[in-house]
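Student: Questions regarding the structure given below will be posed in turn.
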Amino acid sequence: MSLRIVVCVKYVPDATGDRHFAEDLTTDRESVDGLLSELDEYAVEQALQISEESDDAEITVLTVGPEDAKDALRKALSMGADKAVHVEDDDLHGTDVLGTSAVLAKAIEKTGYDLVVCGMASTDGTMGVLPAILAERLGVPQVTLLSEVSVTDGKVNGRRDGDTATEQLEASLPALISVTDQSGEARYPSFKGIMAAKKKPVESLDLDDLDIEADEVGLGGAWTKVDDATARPPRTAGTVVKDEGEGGKQLAEYLAGQKFI
Amino acid sequence: MAEVLVYVDHVDGAVRKPTLELLTLARRIGDPVAVHLGPGADEAAKTLGEYGAVKVLAAEAGEFADYLVVPKVDALQAAYDVVSPSAVLVPSSAEGKEIAARLAVRIGSGIITDAVDLEEGDEGPVATQSVFAAAFTTKSRVSKGTPVVTVKPNSTSPEAAPAAGAVEQLQVSFGEAATGTRIVSRTPRESTGRPELTEAAIVVSGGRGVNGAENFHIIEELADSLGAAVGASRAAVDAGWYPHSNQVGQTGKTVSPQLYVATGISGAIQHRAGMQTSKTIVAINKDAEAPIFDLVDYGIVGDLFEVVPKLTEEVKTRKG
């Protein structure tokens with residue numbers, strides 16, 4: 001039987017752009033170009049590698065987001081994913097992590113899965129908790145923050161580099177994994193891949209399709225509220241000197257003046 | 001006064017500094033009740049009490065070490081059921097955030113991660129966060145359920161405030177999910193003897209300009225002269241010159257020390273995201289146009305291989 005892999009990806013404002021908040025204090029998605037979150041490229045890559053090692057696997061890439069989020073799905077399809085699911089609904093604007101995870105869980109269950117693959121965090125919200133929440137909601141083992149992963153004989157094995165130790169983890173499928181940016185460079189889509197992606201199916205779902213009420217999601221349904229967002233004042237310009245042989249000494253004097261030495 | 005659960009991060013009973021910061025923040029919004037899982041509760045309780053824990057709920061079971069995350073969620077939930085707290089605070093480690101997040105789902109509460117400050121507000125605790133690579137500061141609160149907040153290291157200075165801190169045993173029954181992910185083996189990270197990166201008062205980081213693993217000893221020697229932790233940019237880590245556990249930046253650690261010394265680091269957004277809330281920033285880079293110089297309080301345009309050893313020598317001389 002085929003191994004059904006669902007990769008969750010997020011369409012985010014480019015982290016190298018000048019990101020802002022919109023008037024309702026949600027992330028402004030207008031002023032900065034969007035793209036597939038860089039950290040999710042690693043998830044797509046690992047899903048592709050797992051699929052290549054398997055006799056028979058099918059990769060569905062899933063996102064929750066506005067119309068433009070299709071760009072993220074196209075990118076993943078051009079890298080080699082087989083099909084895509086896009087959950088899109090005006091009522092989703094402003095949904096927080098608990099709401100988004102509930103929508104993803106419904107969409108994953110509807111799609112059918114043996115393995116869910118996530119990135120380690122988004123590059124906009126950067127919470128890094130969605131994979132754990134999704135595992136809780138799906139009721140499957142959480143095998144997260146992996147720098148190496150393999151799937152064999154209905155089991156997933158992986159290496160987790162924690163703050164104080166490196167752990168080898170093992171769980172039975174169905175399971176959810178998240179992979180870090182240490183898991184291996186993501187491939188670039190080939191020209192052939194880009195052409196093929198145009199013909200791959202993208203299924204659109206809305207909240208009705210997933211039996212989710214509008215008041216369970218969106219800004220009104222969020223479990224948290226942002227009351228204020230203030231641009232950080234720019235740092236006041238400091239002193240920059242050219243080293244003429246005394247740079248080390250000058251810096252030491254500065255640090256001593258600041259009581260660091 | 002309402003009780004606030006504080007999840008204890010410790011190594012065999014040695015309480016890590018971020019937990020003491022959490023106890024200090026917790027006292028602003030209620031009476032801290034510490035939750036200690038694993039060995040060493042009696043030892044930890046002395047410290048926890050000194051920093052304001054009115055009691056310490058302790059549980060020890062093999063599951064905590066043998067299976068990933070979920071057994072600890074079961075235990076924290078048991079503590080939540082016993083205490084009915086007004087808030088739950090957890091250190092913002094990778095594991096801490098996962099534990100907090102799963103608890104939030106179970107108790108039907110909102111979650112805020114990576115707070116850098118916490119105050120009492122009219123509608124519950126208000127968390128300060130630093131977002132979009134620290135370009136913005138936000139104030140947020142949990143609007144549904146019992147606030148679950150994870151807090152970053154260095155969010156406040158730990159303040160002693162002696163309280164009873166008596167140990168009470170916490171009864172935990174593990175659910176089916178607890179044994180889902182088995183920890184087959186664990187290799188503790190070797191201690192370098194240097195301060196923990198996220199907790200250090202001074203961080204010295206090296207980047208692309210260090211130009212090889214064999215040159216990182218220059219950075220380490222400067223760090224050791226200052227009593228600092230060693231960091232590395234993503235470029236240096238991706239090149240294999242320094243371990244990922246030392247990476248400062250968006251996909252590594254976020255640090256907010258009193259002093260950050262960037263050597264051979266250009267200051268790309270990826271890196272700035274991890275360090276620009278540092279109090280004082282100094283940089284050494286041979287490229288006068290490097291964006292890192294926009295952030296510095298003091299910068300040297302020069303060759304780090306010339307400047308850093310002289311700086312180290314000067315620091316050692318001055319410290320005698």
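Just so we're on the same page: first chain in the structure tokens is A, next is B, and so on; residues restart at 1 for each chain, and ligands are numbered from 1 in the order they show up.
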So which bits of stretch 26-243 of chain A end up strand (DSSP E or B) when you DSSP the backbone, as a PyMOL selection string?
Tutor: chain A and resi 27+34-36+57-64+83-87+115-119+142-152+155-161+165-172+175-179+202-205+224-231+239-242
Student: Would you give me, as a PyMOL selection string, the residues of chain A that come within 6 Å of chain B, using only C-alpha atoms?
Tutor: chain A and resi 129+132-133+141+164-171+223-232+238-243+247-249+252
Student: Could you jot down the atom CA of B:Gly165 to atom CA of B:Ala45 separation for me, Å, one decimal place?
Tutor: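 It comes out at 5.9 Å.
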Student: I'd like the contact shell of A:Ser183 - 10 Å cut-off, only C-alpha atoms, skipping same-chain residues fewer than 6 positions apart - returned as a list in words.
Tutor: Tyr42, Ala43, Glu45, Gln46, Leu145, Leu146, Ser147, Glu148, Val149 and Arg159 of chain A
Student: Keeping only C-alpha atoms, take the residues you just selected and write them out as a compact mmCIF listing (two decimals), in the first residue's frame.
Tutor:
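As a result, part_32.txt now contains:
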# COMPACT_ATOMS: atom_id res chain seq x y z
CA TYR A 42 13.26 21.58 4.08
CA ALA A 43 10.00 19.75 4.84
CA GLU A 45 12.76 18.13 0.53
CA GLN A 46 12.62 15.47 3.26
CA LEU A 145 12.85 18.98 15.21
CA LEU A 146 14.72 16.31 13.29
CA SER A 147 18.02 16.90 11.57
CA GLU A 148 17.96 13.37 10.08
CA VAL A 149 14.97 11.21 9.29
CA ARG A 159 17.71 12.44 15.19
Student: In Å, with one decimal, what is the gap from atom CA of A:Ser172 to atom CA of A:Leu134?
Tutor: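 Separation between atom CA of A:Ser172 and atom CA of A:Leu134: 16.5 Å.
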Student: Work out how far apart atom CA of A:Val32 and atom CA of A:Ala15 are and give it in Å to one decimal.
Tutor: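 Atom-to-atom, atom CA of A:Val32 to atom CA of A:Ala15, that is 8.8 Å.
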Student: Can you pull out the residues contacting stretch 57-66 of chain A? Cut-off 6 Å, using only C-alpha atoms, and skip same-chain residues under 4 positions away; I want them as a PyMOL selection string.
Tutor: chain A and resi 2-10+51+81-88
Student: Stretch 31-66 of chain A: which residues are helix (DSSP H, G or I) by DSSP, as a PyMOL selection string?
Tutor: chain A and resi 38-53
Student: With N, CA and C atoms retained, export the selected residues as a PDB file, in the first residue's frame.
Tutor:
ATOM      1  N   GLU A  38      10.872  29.585   3.802  1.00  0.00           N
ATOM      2  CA  GLU A  38      12.139  28.890   3.547  1.00  0.00           C
ATOM      3  C   GLU A  38      12.246  27.613   4.387  1.00  0.00           C
ATOM      4  N   LEU A  39      11.782  27.683   5.624  1.00  0.00           N
ATOM      5  CA  LEU A  39      11.920  26.520   6.506  1.00  0.00           C
ATOM      6  C   LEU A  39      11.006  25.375   6.089  1.00  0.00           C
ATOM      7  N   ASP A  40       9.972  25.674   5.298  1.00  0.00           N
ATOM      8  CA  ASP A  40       9.109  24.605   4.791  1.00  0.00           C
ATOM      9  C   ASP A  40       9.704  23.917   3.567  1.00  0.00           C
ATOM     10  N   GLU A  41      10.647  24.592   2.911  1.00  0.00           N
ATOM     11  CA  GLU A  41      11.336  23.935   1.791  1.00  0.00           C
ATOM     12  C   GLU A  41      12.062  22.682   2.288  1.00  0.00           C
ATOM     13  N   TYR A  42      12.575  22.751   3.519  1.00  0.00           N
ATOM     14  CA  TYR A  42      13.255  21.584   4.082  1.00  0.00           C
ATOM     15  C   TYR A  42      12.271  20.427   4.293  1.00  0.00           C
ATOM     16  N   ALA A  43      11.035  20.780   4.647  1.00  0.00           N
ATOM     17  CA  ALA A  43      10.004  19.748   4.842  1.00  0.00           C
ATOM     18  C   ALA A  43       9.656  19.087   3.515  1.00  0.00           C
ATOM     19  N   VAL A  44       9.509  19.899   2.476  1.00  0.00           N
ATOM     20  CA  VAL A  44       9.217  19.345   1.145  1.00  0.00           C
ATOM     21  C   VAL A  44      10.366  18.441   0.714  1.00  0.00           C
ATOM     22  N   GLU A  45      11.589  18.909   0.929  1.00  0.00           N
ATOM     23  CA  GLU A  45      12.764  18.131   0.535  1.00  0.00           C
ATOM     24  C   GLU A  45      12.800  16.765   1.227  1.00  0.00           C
ATOM     25  N   GLN A  46      12.575  16.756   2.539  1.00  0.00           N
ATOM     26  CA  GLN A  46      12.621  15.474   3.256  1.00  0.00           C
ATOM     27  C   GLN A  46      11.481  14.554   2.826  1.00  0.00           C
ATOM     28  N   ALA A  47      10.326  15.139   2.541  1.00  0.00           N
ATOM     29  CA  ALA A  47       9.208  14.324   2.047  1.00  0.00           C
ATOM     30  C   ALA A  47       9.585  13.682   0.708  1.00  0.00           C
ATOM     31  N   LEU A  48      10.243  14.458  -0.145  1.00  0.00           N
ATOM     32  CA  LEU A  48      10.666  13.915  -1.447  1.00  0.00           C
ATOM     33  C   LEU A  48      11.678  12.787  -1.257  1.00  0.00           C
ATOM     34  N   GLN A  49      12.610  12.990  -0.329  1.00  0.00           N
ATOM     35  CA  GLN A  49      13.625  11.944  -0.105  1.00  0.00           C
ATOM     36  C   GLN A  49      12.995  10.676   0.472  1.00  0.00           C
ATOM     37  N   ILE A  50      12.047  10.850   1.395  1.00  0.00           N
ATOM     38  CA  ILE A  50      11.361   9.683   1.971  1.00  0.00           C
ATOM     39  C   ILE A  50      10.591   8.962   0.862  1.00  0.00           C
ATOM     40  N   SER A  51       9.944   9.739   0.014  1.00  0.00           N
ATOM     41  CA  SER A  51       9.176   9.182  -1.096  1.00  0.00           C
ATOM     42  C   SER A  51      10.086   8.410  -2.056  1.00  0.00           C
ATOM     43  N   GLU A  52      11.276   8.958  -2.314  1.00  0.00           N
ATOM     44  CA  GLU A  52      12.208   8.302  -3.239  1.00  0.00           C
ATOM     45  C   GLU A  52      12.733   6.977  -2.678  1.00  0.00           C
ATOM     46  N   GLU A  53      12.790   6.897  -1.350  1.00  0.00           N
ATOM     47  CA  GLU A  53      13.260   5.661  -0.703  1.00  0.00           C
ATOM     48  C   GLU A  53      12.157   4.620  -0.588  1.00  0.00           C
TER      49      GLU A  53
END
Student: Can you work out which one of B:Asp287, B:Glu50, B:Asp31, B:Glu119 has the shortest atom-to-atom distance to B:Gly267, counting only C-alpha atoms?
Tutor: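 Distance minimum relative to B:Gly267 lands on B:Asp287.
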